[in-house]
Amino acid sequence: MRTIGLFLLFVGASCAVKQQTETPKQVDASFEIRYTNYSKGFKWRGIWVDKMGQVYQYDATELGLEGQKKAKSAASTFEVLQPYLNRVSQADMHVVAQCAEGLSVAATAKFSERRLVCFDYGQVLFLGYQGDQEAVTLLESGDHIHENLTKEAQDTVKWMKTLDAAYADIPCK
């Protein structure tokens, strides 16, 4: 039980921007982990966290590249993905709110040099959406690695990796 408490403390502190006293009911931000691969056929699946902290898994592979091209802003991405969203959990709204606050800093970030580190793994994007703006890239991983160098982005990615074990450790580094 103590281990679980320490884990929750770590996850809750990962996006610590400021201490909040009330639990927000919703924030003006959404988050997405987007996996795509073009090797041996197109694949598109991932995780979506909405403004109320509801966590969904999705597999939108059948939409193909044309469907993915329509997913730019939070609203257009949600509209495209909505028929494929399967609710799996509820995120801690304190953490969601703290990560949402960090998006404005992450949006103005410098990035690491983009490096090729793998072949045929695909692309995993960790994205944040402020309001209905286009996505803020927090991390690109997979065949290439391209890191947002802000602490806010790195802390948000750390939290997002806890949402689904499939994205916790990407083998190509």
# chains A, B, ... in the order shown; residues from 1 in each chain; ligands from 1

$ residues_around --residues "Asp59 (chain A)" --least-positions-apart "3" --cutoff "12 Å" --atoms "only C-alpha atoms" --output "list of chain:residue names"
A:Ile33, A:Arg34, A:Tyr35, A:Thr36, A:Phe42, A:Lys43, A:Trp44, A:Arg45, A:Gly46, A:Ile47, A:Trp48, A:Tyr56, A:Glu62, A:Leu63, A:Gly64, A:Gln68, A:Val80, A:Leu81, A:Gln82, A:Pro83, A:Tyr84, A:Leu85, A:Asn86

$ atom_distance --atom1 "CA of Gln130 (chain A)" --atom2 "CA of Ala107 (chain A)"
9.2 Å

$ closest_residue --among "A:Gly131, A:Thr162, A:Cys172, A:Glu101" --to "His144 (chain A)" --atoms "only C-alpha atoms"
A:Cys172

$ closest_residue --among "A:Ala100, A:Ala135, A:Ala153, A:Ala109" --to "Ala74 (chain A)" --atoms "only C-alpha atoms"
A:Ala135

$ residues_around --residues "Leu149 (chain A)" --least-positions-apart "3" --cutoff "7 Å" --atoms "only C-alpha atoms" --output "PyMOL selection string"
chain A and resi 109-112

$ select_by_dssp --residues "chain A" --states "strand (DSSP E or B)" --output "PyMOL selection string"
chain A and resi 29-37+43-49+54-59+73+86-90+111+115-116+123-130+134+136-142+144-148

$ closest_residue --among "A:Phe31, A:Phe126, A:Tyr121, A:Phe78" --to "Val55 (chain A)" --atoms "only C-alpha atoms"
A:Phe31

$ atom_distance --atom1 "CA of Gln98 (chain A)" --atom2 "CA of Ala75 (chain A)"
21.1 Å

$ atom_distance --atom1 "CA of Gln26 (chain A)" --atom2 "CA of Asp169 (chain A)"
28.6 Å

$ closest_atom_pairs --of "region 84-125 of chain A" --to "region 137-143 of chain A" --cutoff "6 Å" --atoms "only C-alpha atoms" --output "Markdown table"
| residue | atom | partner | partner_atom | distance |
| --- | --- | --- | --- | --- |
| A:Leu116 | CA | A:Asp143 | CA | 5.9 |
| A:Val117 | CA | A:Asp143 | CA | 5.5 |
| A:Cys118 | CA | A:Asp143 | CA | 4.3 |
| A:Phe119 | CA | A:Asp143 | CA | 5.4 |
| A:Tyr121 | CA | A:Asp143 | CA | 5.6 |
| A:Gly122 | CA | A:Gly142 | CA | 5.5 |
| A:Gln123 | CA | A:Gly142 | CA | 4.7 |
| A:Val124 | CA | A:Ser141 | CA | 5.1 |
| A:Leu125 | CA | A:Glu140 | CA | 4.7 |

$ write_last_selection --atoms "C-alpha atoms" --output "JSON list (two decimals), in the first residue's frame"
[["chain", "number", "residue", "atom", "x", "y", "z"],
["A", 116, "LEU", "CA", 16.82, 8.24, -36.67],
["A", 117, "VAL", "CA", 17.00, 5.51, -34.01],
["A", 118, "CYS", "CA", 14.96, 2.61, -35.41],
["A", 119, "PHE", "CA", 13.44, 1.18, -38.60],
["A", 121, "TYR", "CA", 8.70, 0.76, -35.58],
["A", 122, "GLY", "CA", 6.48, 3.65, -36.59],
["A", 123, "GLN", "CA", 5.89, 6.96, -34.86],
["A", 124, "VAL", "CA", 4.59, 7.67, -31.38],
["A", 125, "LEU", "CA", 3.58, 11.28, -30.77]]

$ select_by_dssp --residues "chain A" --states "helix (DSSP H, G or I)" --output "ChimeraX atom specification"
/A:2-13,61-69,74-84,93-106,151-160,165-167

$ closest_residue --among "A:Cys99, A:Lys25, A:Ala60, A:His146" --to "Met160 (chain A)" --atoms "only C-alpha atoms"
A:Cys99

$ closest_residue --among "A:Gln54, A:Thr156, A:Ser39, A:Asn148" --to "Met93 (chain A)" --atoms "only C-alpha atoms"
A:Gln54
